[in-house]
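Report on the following structure.
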Amino acid sequence: MTTDATPRLKITYATLRNDNEELHALYEAGLVQARGELGRHHLNLIAGKPREGESESIVRSPIDRDMIVGHFAKGSVQDVRDAIAAARAAQPAWAATPWRERLAIMRRAAELISQRQMVYGAHMAIEVGKSRLEALGEVEEAADLLRYYADVMERNDGYDHPMDNLGDAAVHTRSILRPLGVFGVISPFNFPMALSAGPSAAALMAGNTVVFKPSTTAPMSAVNLVQAYRDAGLPDGTLNLVMGPGETVGQELQQNPGINVIVFTGSYEVGFELFKKFSVRFPRPAIVEMGGKNPAIVTARADLEEAAEGIVRSAFGFSGQKCSANSRVYVERPVHDHLIKLLVEKTEALSVGDPLVRSNWMGPVIDQRAVDRYQQASTEARRDGTVYVGGERLTDGGLERGFFVEPTIVGNLPAEHRLFVDELFAPFTAVAPVDSLDEAIRLSNESVYGLTAGIFSEDAGEVQRFLDTIETGTLYVNRRAGATTGAWPGVQAFGGWKGSGSTGKAGLSMYYVAQFLREQSHTVVD
């Protein structure tokens with residue numbers, strides 16, 4: 001059982017210092033508890049009842065393949081259908097629950113997540129290989145997503161607004177946002193709690209019900225999130241958990257007409273196919289949040305020390321496995337060599353190893369496929385350009401049982417090279433010299449993606465030109481804490497343009513929850 005008495009410490013993705021001894025003592029205690037809970041059997045949840053799957057998945061840690069995270073029920077197509085039926089049965093009563101009562105449950109869940117931050121963070125570090133600050137930051141982000149979205153809905157009075165009446169006092173008109181019904185939520189491994197909490201909470205507080213499929217490589221954080229919801233008082237059937245692979249559980253969520261809206265976070269290829277095929281008899285909303293190939297631009301008028309630190313933090317945080325990772329850099333030619341020197345120095349100083357150990361800054365990638373993708377990219381970089389630092393798999397000192405690779409910076413590649421185009425989801429960034437800011441912006445905008453971007457420049461005119469012309473949803477200027485990463489609920493709206501997102505509205509912002517509702521106009525004459 002998790003304790004609910006842990007003091008709350010605010011850790012975010014912009015936290016730069018790692019010297020809070022109280023935090024580390026609490027985390028170590030949480031890690032002891034999490035280790036003691038390894039290997040347990042976890043079931044699906046349908047209509048409030050635990051359910052075995054047709055088989056089970058054994059999930060192993062990417063840190064050490066001998067470390068079993070747990071045994072997780074593998075749902076069948078029939079399990080998904082039963083979960084959808086349960087969600088549909090529960091939805092009318094949940095929608096009829098006053099919205100303030102729904103928000104109260106969400107806020108209780110947020111407090112439980114924060115109180116359990118150390119254990120939940122330790123579970124997450126074990127299952128996906130995050131460092132302690134990254135894991136603790138994500139757990140707190142999940143809690144803050146619930147708080148912030150609840151606050152936004154409250155500020156909008158439950159999305160019930162009076163309208164004008166053309167001067168006739170007998171006519172009363174209102175715009176009311178209504179729930180859409182049943183949401184399918186498919187979440188990724190890289191933010192297994194935050195990117196599950198955000199869409200599920202938005203759907204639930206809006207009066208919808210949910211069938212939730214987590215990543216097969218990161219189901220433990222999903223189990224913890226569902227437990228927090230349940231302990232907060234969420235009624236049976238409102239949130240149903242079905243774990244299992246995309247080809248069965250995911251496909252049924254996409255195809256079943258009982259799903260009114262689907263929310264998917266993952267790759268461009270999978271997300272775009274889902275978006276194109278989800279509507280059949282009539283349009284069904286698909287909130288598809290996809291990847292990025294995120295550029296940082298460094299001009300000759302930049303603070304290069306600041307730029308190098310921001311690039312390294314964004315390129316290699318969580319081993320580059322963020323959709324917002326800084327995977328390409330365009331630097332003006334006069335400062336190119338100096339920036340490369342600084343990047344190499346800072347990258348060589350990173351400690352790579354077991355992320356459960358406090359001194360290690362970067363852990364493993366998620367699985368063998370990620371290693372293979374990384375090694376292929378390194379081979380291409382050596383063949384076609386230069387590997388400035390990194391490029392190898394790490395296998396010494398027990399690391400051979402995990403999926404550890406070196407943080408890598410490459411260059412001397414053509415601007416159209418695949419390594420400047422494809423999302424790799426690895427600790428790998430490509431650097432190219434440019435002759436002007438305009439060239440850097442043009443190259444940045446040629447991508448199919450448009451998620452995040454950053455610039456380093458001390459020139460106000462350059463900064464404004466970047467802000468006015470870059471085709472990207474989330475922008476950062478001179479950010480040492482992360483050139484292209486680090487959004488937080490209510491602080492930075494996080495959403496993509498073009499191939500990075502389908503709605504034009506961002507998560508973590510005041511517009512997010514409204515996407516989980518549809519508008520209805522009421523005109524009532526006395």
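Chain labels follow the order of the structure tokens: the first chain is A, the next B, and so on; residue numbering restarts at 1 in every chain, and ligands are counted from 1 in their shown order.
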
Inset, instruction - Write out as a list of chain:residue names which residues come within 9 Å of stretch 23-40 of chain A when counting only C-alpha atoms, dropping same-chain ones fewer than 4 positions away. - result: A:Met1, A:Thr2, A:Thr6, A:Pro7, A:Leu9, A:Asn18, A:Asp19, A:Ile58, A:Val59, A:Met67, A:Ile68, A:Val69, A:Gly70, A:His71, A:Phe72, A:Arg116, A:Gln117, A:Met118, A:Val119, A:Tyr120, A:Gly121, A:Ala122, A:His123, A:Ile126, A:Arg132, A:Leu136, A:Leu356, A:Arg358

Inset, instruction - Could you give me, as a VMD selection string, the residues within 8 Å of stretch 75-85 of chain A, counting only C-alpha atoms and dropping anything in the same chain fewer than 3 positions from it? - result: chain A and resid 44 46 to 47 52 to 55 88 to 89 182 211 237 240 to 244 248 to 249 252 to 253 256 258 to 259

With N, CA and C atoms retained, export the selected residues as a short mmCIF file (atom, residue, chain, number, x, y, z; two decimals), in the first residue's frame.
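What ended up in part_39.cif:
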```cif
data_model
loop_
_atom_site.label_atom_id
_atom_site.label_comp_id
_atom_site.auth_asym_id
_atom_site.auth_seq_id
_atom_site.Cartn_x
_atom_site.Cartn_y
_atom_site.Cartn_z
N ASN A 44 -7.01 -5.77 -15.23
CA ASN A 44 -7.81 -4.73 -15.86
C ASN A 44 -8.95 -4.33 -14.92
N ILE A 46 -12.97 -3.14 -15.23
CA ILE A 46 -14.14 -2.94 -16.09
C ILE A 46 -15.38 -2.86 -15.21
N ALA A 47 -16.12 -1.76 -15.33
CA ALA A 47 -17.32 -1.53 -14.52
C ALA A 47 -17.01 -1.63 -13.03
N GLU A 52 -9.25 -10.48 -15.01
CA GLU A 52 -8.10 -11.12 -15.63
C GLU A 52 -8.18 -10.91 -17.15
N GLY A 53 -7.04 -10.98 -17.80
CA GLY A 53 -7.01 -10.91 -19.25
C GLY A 53 -7.02 -12.29 -19.87
N GLU A 54 -6.98 -12.32 -21.18
CA GLU A 54 -6.92 -13.61 -21.86
C GLU A 54 -5.55 -14.24 -21.67
N SER A 55 -4.57 -13.43 -21.33
CA SER A 55 -3.23 -13.89 -20.97
C SER A 55 -2.60 -12.75 -20.18
N ARG A 88 -20.56 3.33 -21.40
CA ARG A 88 -21.81 3.88 -21.93
C ARG A 88 -22.92 3.82 -20.88
N ALA A 89 -22.95 2.74 -20.12
CA ALA A 89 -23.97 2.61 -19.08
C ALA A 89 -23.78 3.63 -17.97
N VAL A 182 -18.42 8.76 -24.67
CA VAL A 182 -17.38 7.85 -24.22
C VAL A 182 -16.09 8.14 -24.99
N VAL A 211 -12.58 4.76 -21.61
CA VAL A 211 -11.91 3.46 -21.70
C VAL A 211 -10.44 3.77 -22.00
N GLY A 237 -17.34 2.26 -13.50
CA GLY A 237 -17.71 2.36 -14.90
C GLY A 237 -17.32 3.66 -15.58
N ASN A 240 -12.49 2.93 -17.19
CA ASN A 240 -12.27 1.50 -17.37
C ASN A 240 -10.87 1.30 -17.96
N LEU A 241 -10.10 0.43 -17.36
CA LEU A 241 -8.73 0.17 -17.77
C LEU A 241 -8.65 -1.16 -18.49
N VAL A 242 -8.18 -1.12 -19.74
CA VAL A 242 -7.94 -2.35 -20.50
C VAL A 242 -6.52 -2.29 -21.03
N MET A 243 -5.65 -3.10 -20.47
CA MET A 243 -4.26 -3.16 -20.91
C MET A 243 -4.12 -4.18 -22.02
N GLY A 244 -3.15 -3.96 -22.89
CA GLY A 244 -2.94 -4.90 -23.97
C GLY A 244 -2.40 -4.23 -25.21
N THR A 248 -4.93 -5.38 -30.84
CA THR A 248 -6.22 -5.88 -30.35
C THR A 248 -6.96 -4.78 -29.60
N VAL A 249 -6.45 -4.37 -28.45
CA VAL A 249 -7.13 -3.36 -27.63
C VAL A 249 -7.21 -2.03 -28.38
N GLU A 252 -9.63 -2.13 -31.46
CA GLU A 252 -11.05 -2.15 -31.10
C GLU A 252 -11.52 -0.78 -30.64
N LEU A 253 -10.68 -0.07 -29.91
CA LEU A 253 -11.04 1.29 -29.52
C LEU A 253 -11.24 2.19 -30.74
N ASN A 256 -14.64 0.56 -32.80
CA ASN A 256 -15.93 0.33 -32.16
C ASN A 256 -16.79 1.60 -32.20
N GLY A 258 -19.09 2.46 -30.37
CA GLY A 258 -19.44 2.93 -29.02
C GLY A 258 -18.48 3.96 -28.47
N ILE A 259 -17.36 4.17 -29.15
CA ILE A 259 -16.42 5.23 -28.77
C ILE A 259 -16.79 6.50 -29.53
#
```

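Among the candidate residues A:Pro407, A:Gly461, A:Gly473, A:Gly207, the one lying nearest to A:Gly507 is A:Gly473, with distances computed using only C-alpha atoms.
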
Inset, instruction - Run DSSP on the backbone and grab whatever in stretch 46-132 of chain A lands in strand (DSSP E); send it over as a ChimeraX atom specification. - result: /A:46,49-51,55-60,68-74

Can I get the selection written as a short mmCIF file (atom, residue, chain, number, x, y, z; two decimals), in the first residue's frame, with N, CA, C and O atoms?
```
data_model
loop_
_atom_site.label_atom_id
_atom_site.label_comp_id
_atom_site.auth_asym_id
_atom_site.auth_seq_id
_atom_site.Cartn_x
_atom_site.Cartn_y
_atom_site.Cartn_z
N ILE A 46 -12.97 -3.14 -15.23
CA ILE A 46 -14.14 -2.94 -16.09
C ILE A 46 -15.38 -2.86 -15.21
O ILE A 46 -15.64 -3.77 -14.41
N LYS A 49 -14.88 -3.54 -11.56
CA LYS A 49 -14.48 -4.88 -11.12
C LYS A 49 -13.15 -5.27 -11.76
O LYS A 49 -12.98 -5.15 -12.98
N PRO A 50 -12.20 -5.78 -10.97
CA PRO A 50 -10.95 -6.28 -11.55
C PRO A 50 -11.25 -7.47 -12.45
O PRO A 50 -12.14 -8.28 -12.18
N ARG A 51 -10.50 -7.57 -13.55
CA ARG A 51 -10.73 -8.66 -14.49
C ARG A 51 -9.39 -9.17 -15.03
O ARG A 51 -8.55 -8.40 -15.47
N SER A 55 -4.57 -13.43 -21.33
CA SER A 55 -3.23 -13.89 -20.97
C SER A 55 -2.60 -12.75 -20.18
O SER A 55 -3.31 -11.84 -19.75
N GLU A 56 -1.30 -12.79 -19.97
CA GLU A 56 -0.65 -11.70 -19.25
C GLU A 56 0.64 -11.30 -19.94
O GLU A 56 1.24 -12.09 -20.68
N SER A 57 1.05 -10.06 -19.70
CA SER A 57 2.33 -9.55 -20.19
C SER A 57 3.27 -9.42 -19.00
O SER A 57 2.89 -8.91 -17.95
N ILE A 58 4.49 -9.87 -19.19
CA ILE A 58 5.53 -9.67 -18.19
C ILE A 58 6.33 -8.45 -18.63
O ILE A 58 6.96 -8.45 -19.68
N VAL A 59 6.27 -7.40 -17.85
CA VAL A 59 6.96 -6.15 -18.18
C VAL A 59 8.27 -6.09 -17.40
O VAL A 59 8.28 -6.22 -16.18
N ARG A 60 9.36 -5.90 -18.12
CA ARG A 60 10.69 -5.84 -17.53
C ARG A 60 11.24 -4.42 -17.62
O ARG A 60 10.91 -3.67 -18.54
N ILE A 68 11.82 -7.57 -13.07
CA ILE A 68 10.43 -7.66 -13.53
C ILE A 68 9.59 -6.60 -12.82
O ILE A 68 9.47 -6.60 -11.59
N VAL A 69 9.04 -5.69 -13.61
CA VAL A 69 8.17 -4.65 -13.05
C VAL A 69 6.89 -5.29 -12.51
O VAL A 69 6.43 -4.97 -11.41
N GLY A 70 6.31 -6.18 -13.31
CA GLY A 70 5.07 -6.83 -12.87
C GLY A 70 4.48 -7.68 -13.97
O GLY A 70 4.98 -7.73 -15.10
N HIS A 71 3.41 -8.34 -13.62
CA HIS A 71 2.63 -9.16 -14.55
C HIS A 71 1.30 -8.43 -14.76
O HIS A 71 0.58 -8.16 -13.80
N PHE A 72 0.98 -8.14 -16.03
CA PHE A 72 -0.17 -7.29 -16.33
C PHE A 72 -1.14 -8.03 -17.24
O PHE A 72 -0.73 -8.62 -18.25
N ALA A 73 -2.42 -7.99 -16.85
CA ALA A 73 -3.45 -8.66 -17.63
C ALA A 73 -3.48 -8.11 -19.05
O ALA A 73 -3.42 -6.90 -19.26
N LYS A 74 -3.58 -9.00 -20.01
CA LYS A 74 -3.64 -8.61 -21.41
C LYS A 74 -5.09 -8.75 -21.88
O LYS A 74 -5.63 -9.85 -21.99
#
```

Inset, instruction - Considering only C-alpha atoms, return as a VMD selection string whatever protein or nucleic-acid residues lie within 12 Å of A:Met362, sequence-local ones (same chain, fewer than 3 positions apart) excluded. - result: chain A and resid 63 125 128 to 135 312 to 321 347 to 359 365 403 to 407 426 to 427

Using only C-alpha atoms, I'd like a table of the residues in stretch 234-351 of chain A that come within 10 Å of stretch 383-396 of chain A; for each, show the closest atom pair and its distance in Å rounded to one decimal, ordered by chain and ascending number, as a Markdown table.
```
| residue | atom | partner | partner_atom | distance |
| --- | --- | --- | --- | --- |
| A:Ile340 | CA | A:Tyr388 | CA | 7.9 |
| A:Lys341 | CA | A:Tyr388 | CA | 9.0 |
| A:Leu343 | CA | A:Val389 | CA | 8.9 |
| A:Val344 | CA | A:Val389 | CA | 6.1 |
| A:Glu345 | CA | A:Val389 | CA | 9.1 |
| A:Thr347 | CA | A:Val389 | CA | 7.6 |
| A:Glu348 | CA | A:Val389 | CA | 7.5 |
```

Selected residues written out, all heavy atoms, as a short mmCIF file (atom, residue, chain, number, x, y, z; two decimals), in the first residue's frame:
```cif
data_model
loop_
_atom_site.label_atom_id
_atom_site.label_comp_id
_atom_site.auth_asym_id
_atom_site.auth_seq_id
_atom_site.Cartn_x
_atom_site.Cartn_y
_atom_site.Cartn_z
N ILE A 340 29.83 23.83 -31.05
CA ILE A 340 30.12 22.39 -31.05
C ILE A 340 31.06 22.04 -29.90
O ILE A 340 30.86 21.03 -29.19
CB ILE A 340 30.71 21.96 -32.41
CG1 ILE A 340 29.66 22.08 -33.52
CG2 ILE A 340 31.27 20.54 -32.33
CD1 ILE A 340 28.51 21.12 -33.40
N LYS A 341 32.08 22.83 -29.70
CA LYS A 341 33.02 22.58 -28.60
C LYS A 341 32.31 22.55 -27.26
O LYS A 341 32.52 21.64 -26.43
CB LYS A 341 34.11 23.65 -28.60
CG LYS A 341 35.12 23.55 -27.48
CD LYS A 341 36.19 24.63 -27.65
CE LYS A 341 37.23 24.55 -26.54
NZ LYS A 341 36.66 24.95 -25.22
N LEU A 343 29.07 22.04 -26.72
CA LEU A 343 28.14 20.91 -26.68
C LEU A 343 28.87 19.62 -26.36
O LEU A 343 28.39 18.79 -25.57
CB LEU A 343 27.40 20.79 -28.01
CG LEU A 343 26.37 21.87 -28.34
CD1 LEU A 343 25.87 21.70 -29.76
CD2 LEU A 343 25.20 21.84 -27.36
N VAL A 344 30.01 19.41 -26.97
CA VAL A 344 30.78 18.19 -26.72
C VAL A 344 31.23 18.15 -25.27
O VAL A 344 31.11 17.10 -24.59
CB VAL A 344 31.99 18.11 -27.68
CG1 VAL A 344 32.94 16.99 -27.25
CG2 VAL A 344 31.50 17.88 -29.10
N GLU A 345 31.73 19.26 -24.75
CA GLU A 345 32.18 19.30 -23.35
C GLU A 345 31.04 18.97 -22.39
O GLU A 345 31.21 18.17 -21.45
CB GLU A 345 32.75 20.68 -23.02
CG GLU A 345 34.07 20.98 -23.70
CD GLU A 345 34.52 22.42 -23.46
OE1 GLU A 345 33.73 23.20 -22.85
OE2 GLU A 345 35.63 22.78 -23.91
N THR A 347 28.23 17.38 -23.06
CA THR A 347 27.74 16.02 -23.27
C THR A 347 28.67 15.00 -22.63
O THR A 347 28.22 14.04 -22.00
CB THR A 347 27.58 15.75 -24.77
OG1 THR A 347 26.67 16.70 -25.33
CG2 THR A 347 27.06 14.34 -25.03
N GLU A 348 29.97 15.20 -22.78
CA GLU A 348 30.94 14.28 -22.17
C GLU A 348 30.86 14.29 -20.65
O GLU A 348 31.22 13.30 -20.00
CB GLU A 348 32.34 14.64 -22.63
CG GLU A 348 32.61 14.31 -24.09
CD GLU A 348 33.99 14.72 -24.54
OE1 GLU A 348 34.57 15.65 -23.92
OE2 GLU A 348 34.49 14.14 -25.53
#
```

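Pairwise distance (atom CA of A:Gly411, atom CA of A:Gly363) equals 23.9 Å.
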
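In this model, the gap between atom CA of A:Ala432 and atom CA of A:Val448 comes to 18.6 Å.
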
Write out as a PDB file with C-alpha atoms, in the first residue's frame each polymer residue whose atoms come within 12 Å of A:Pro283, counting only C-alpha atoms; drop sequence neighbours fewer than 5 positions from it.
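As a result, out-v8.pdb now contains:
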```
ATOM      1  CA  PRO A 257     -18.859   2.707 -32.782  1.00  0.00           C
ATOM      2  CA  ASN A 260     -17.497   8.814 -29.442  1.00  0.00           C
ATOM      3  CA  VAL A 261     -14.056  10.437 -29.344  1.00  0.00           C
ATOM      4  CA  ILE A 262     -10.533   9.073 -29.308  1.00  0.00           C
ATOM      5  CA  PHE A 275      -7.083  10.371 -37.620  1.00  0.00           C
ATOM      6  CA  LYS A 276      -7.907   9.520 -41.241  1.00  0.00           C
ATOM      7  CA  LYS A 277      -9.820   6.332 -40.459  1.00  0.00           C
ATOM      8  CA  PHE A 278     -11.636   7.127 -37.204  1.00  0.00           C
TER       9      PHE A 278
END
```

Selection near stretch 220-222 of chain A, 6 Å with only C-alpha atoms, sequence-local residues under 3 positions removed, as a tab-separated table (two decimals) with N, CA, C and O atoms, in the first residue's frame:
```
chain	number	residue	atom	x	y	z
A	192	PRO	N	4.08	8.25	-19.04
A	192	PRO	CA	3.02	7.28	-18.81
A	192	PRO	C	1.96	7.72	-17.81
A	192	PRO	O	0.85	7.19	-17.83
A	193	MET	N	2.28	8.71	-16.97
A	193	MET	CA	1.25	9.21	-16.05
A	193	MET	C	0.67	10.54	-16.53
A	193	MET	O	-0.54	10.70	-16.62
A	225	LEU	N	-2.29	5.54	-11.55
A	225	LEU	CA	-3.23	6.64	-11.81
A	225	LEU	C	-4.66	6.19	-11.58
A	225	LEU	O	-5.45	6.90	-10.92
```

Inset, instruction - Have a look at A:Tyr374, A:Phe212, A:Tyr512, A:Phe272 and name the one nearest to A:Ser200; count only C-alpha atoms. - result: A:Phe212

Inset, instruction - Using DSSP on the backbone, list every residue of stretch 111-265 of chain A that comes out as helix (DSSP H, G or I), and give them as a PyMOL selection string. - result: chain A and resi 111-115+117-128+132-155+157-159+194-205+219-231+246-255

Would you put the residues from that selection into a file with C-alpha atoms, as a PDB file, in the first residue's frame?
```pdb
ATOM      1  CA  GLU A 111      -3.811  15.473  -3.907  1.00  0.00           C
ATOM      2  CA  LEU A 112      -3.440  11.687  -3.682  1.00  0.00           C
ATOM      3  CA  ILE A 113      -1.039  11.689  -6.635  1.00  0.00           C
ATOM      4  CA  SER A 114       1.074  14.403  -4.986  1.00  0.00           C
ATOM      5  CA  GLN A 115       1.047  12.610  -1.647  1.00  0.00           C
ATOM      6  CA  GLN A 117       4.772  11.220  -5.487  1.00  0.00           C
ATOM      7  CA  MET A 118       7.833   9.366  -4.226  1.00  0.00           C
ATOM      8  CA  VAL A 119       6.466   5.856  -4.696  1.00  0.00           C
ATOM      9  CA  TYR A 120       4.782   6.648  -8.006  1.00  0.00           C
ATOM     10  CA  GLY A 121       7.985   8.330  -9.196  1.00  0.00           C
ATOM     11  CA  ALA A 122      10.075   5.323  -8.197  1.00  0.00           C
ATOM     12  CA  HIS A 123       7.704   2.963 -10.023  1.00  0.00           C
ATOM     13  CA  MET A 124       7.992   5.149 -13.114  1.00  0.00           C
ATOM     14  CA  ALA A 125      11.783   5.280 -12.963  1.00  0.00           C
ATOM     15  CA  ILE A 126      11.913   1.501 -12.786  1.00  0.00           C
ATOM     16  CA  GLU A 127       9.450   0.866 -15.600  1.00  0.00           C
ATOM     17  CA  VAL A 128      10.692   3.398 -18.174  1.00  0.00           C
ATOM     18  CA  ARG A 132      14.487  10.705 -10.296  1.00  0.00           C
ATOM     19  CA  LEU A 133      13.967  14.377 -11.111  1.00  0.00           C
ATOM     20  CA  GLU A 134      12.312  13.537 -14.438  1.00  0.00           C
ATOM     21  CA  ALA A 135      10.064  10.935 -12.799  1.00  0.00           C
ATOM     22  CA  LEU A 136       9.127  13.077  -9.821  1.00  0.00           C
ATOM     23  CA  GLY A 137       8.487  16.016 -12.137  1.00  0.00           C
ATOM     24  CA  GLU A 138       6.109  13.959 -14.238  1.00  0.00           C
ATOM     25  CA  VAL A 139       4.131  12.712 -11.253  1.00  0.00           C
ATOM     26  CA  GLU A 140       3.683  16.268 -10.060  1.00  0.00           C
ATOM     27  CA  GLU A 141       2.762  17.380 -13.573  1.00  0.00           C
ATOM     28  CA  ALA A 142       0.013  14.749 -13.608  1.00  0.00           C
ATOM     29  CA  ALA A 143      -1.372  16.154 -10.358  1.00  0.00           C
ATOM     30  CA  ASP A 144      -1.089  19.738 -11.595  1.00  0.00           C
ATOM     31  CA  LEU A 145      -2.891  18.858 -14.815  1.00  0.00           C
ATOM     32  CA  LEU A 146      -5.899  17.777 -12.773  1.00  0.00           C
ATOM     33  CA  ARG A 147      -5.739  20.909 -10.621  1.00  0.00           C
ATOM     34  CA  TYR A 148      -5.283  23.306 -13.511  1.00  0.00           C
ATOM     35  CA  TYR A 149      -7.998  21.840 -15.721  1.00  0.00           C
ATOM     36  CA  ALA A 150     -10.401  21.849 -12.782  1.00  0.00           C
ATOM     37  CA  ASP A 151      -9.577  25.501 -12.119  1.00  0.00           C
ATOM     38  CA  VAL A 152     -10.162  26.398 -15.784  1.00  0.00           C
ATOM     39  CA  MET A 153     -13.540  24.683 -15.839  1.00  0.00           C
ATOM     40  CA  GLU A 154     -14.498  26.443 -12.625  1.00  0.00           C
ATOM     41  CA  ARG A 155     -13.449  29.840 -14.009  1.00  0.00           C
ATOM     42  CA  ASP A 157     -18.628  28.298 -14.655  1.00  0.00           C
ATOM     43  CA  GLY A 158     -18.856  24.782 -16.004  1.00  0.00           C
ATOM     44  CA  TYR A 159     -18.909  26.156 -19.576  1.00  0.00           C
ATOM     45  CA  ALA A 194       1.013  12.816 -17.276  1.00  0.00           C
ATOM     46  CA  LEU A 195      -0.170  11.908 -20.783  1.00  0.00           C
ATOM     47  CA  SER A 196      -2.737   9.571 -19.273  1.00  0.00           C
ATOM     48  CA  ALA A 197      -3.874  11.948 -16.541  1.00  0.00           C
ATOM     49  CA  GLY A 198      -4.354  14.948 -18.842  1.00  0.00           C
ATOM     50  CA  PRO A 199      -6.828  13.497 -21.348  1.00  0.00           C
ATOM     51  CA  SER A 200      -8.594  11.171 -18.894  1.00  0.00           C
ATOM     52  CA  ALA A 201      -9.130  13.961 -16.369  1.00  0.00           C
ATOM     53  CA  ALA A 202     -10.336  16.419 -19.009  1.00  0.00           C
ATOM     54  CA  ALA A 203     -12.797  13.845 -20.327  1.00  0.00           C
ATOM     55  CA  LEU A 204     -14.052  12.930 -16.866  1.00  0.00           C
ATOM     56  CA  MET A 205     -14.480  16.416 -15.457  1.00  0.00           C
ATOM     57  CA  PRO A 219       1.382  -0.017 -17.547  1.00  0.00           C
ATOM     58  CA  MET A 220       2.477   0.404 -13.912  1.00  0.00           C
ATOM     59  CA  SER A 221       2.032   4.176 -13.933  1.00  0.00           C
ATOM     60  CA  ALA A 222      -1.411   3.661 -15.468  1.00  0.00           C
ATOM     61  CA  VAL A 223      -2.351   1.265 -12.672  1.00  0.00           C
ATOM     62  CA  ASN A 224      -1.220   3.878 -10.127  1.00  0.00           C
ATOM     63  CA  LEU A 225      -3.228   6.639 -11.813  1.00  0.00           C
ATOM     64  CA  VAL A 226      -6.369   4.510 -11.884  1.00  0.00           C
ATOM     65  CA  GLN A 227      -5.877   3.678  -8.212  1.00  0.00           C
ATOM     66  CA  ALA A 228      -5.681   7.371  -7.340  1.00  0.00           C
ATOM     67  CA  TYR A 229      -8.896   8.039  -9.244  1.00  0.00           C
ATOM     68  CA  ARG A 230     -10.628   5.151  -7.511  1.00  0.00           C
ATOM     69  CA  ASP A 231      -9.428   6.213  -4.066  1.00  0.00           C
ATOM     70  CA  GLY A 246      -2.438  -1.993 -30.079  1.00  0.00           C
ATOM     71  CA  GLU A 247      -3.395  -4.647 -32.596  1.00  0.00           C
ATOM     72  CA  THR A 248      -6.224  -5.876 -30.352  1.00  0.00           C
ATOM     73  CA  VAL A 249      -7.126  -3.363 -27.629  1.00  0.00           C
ATOM     74  CA  GLY A 250      -6.084  -0.300 -29.631  1.00  0.00           C
ATOM     75  CA  GLN A 251      -7.762  -1.442 -32.836  1.00  0.00           C
ATOM     76  CA  GLU A 252     -11.053  -2.153 -31.100  1.00  0.00           C
ATOM     77  CA  LEU A 253     -11.037   1.294 -29.517  1.00  0.00           C
ATOM     78  CA  GLN A 254     -10.529   2.836 -32.955  1.00  0.00           C
ATOM     79  CA  GLN A 255     -13.167   0.747 -34.724  1.00  0.00           C
TER      80      GLN A 255
END
```

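Within 9 Å of A:Ala453, once only C-alpha atoms are used and residues closer than 2 positions along the same chain are dropped, the contacting residues are Lys293, Asn294, Pro295, Ala296, Ile297, Ser324, Asn326, Ser444, Gly450, Leu451, Ile455, Ile470, Glu471, Thr472, Gly473, Thr474, Leu475, Tyr476, Val477, Ala483, Thr484 and Thr485 of chain A.
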
Legend entry - Spatial neighbours of stretch 437-440 of chain A, max dist 12 Å, only C-alpha atoms, sep filter under 3 positions, as a ChimeraX atom specification: /A:295-302,328-333,415,431-434,443-447,453-457,459,461-466,468-470
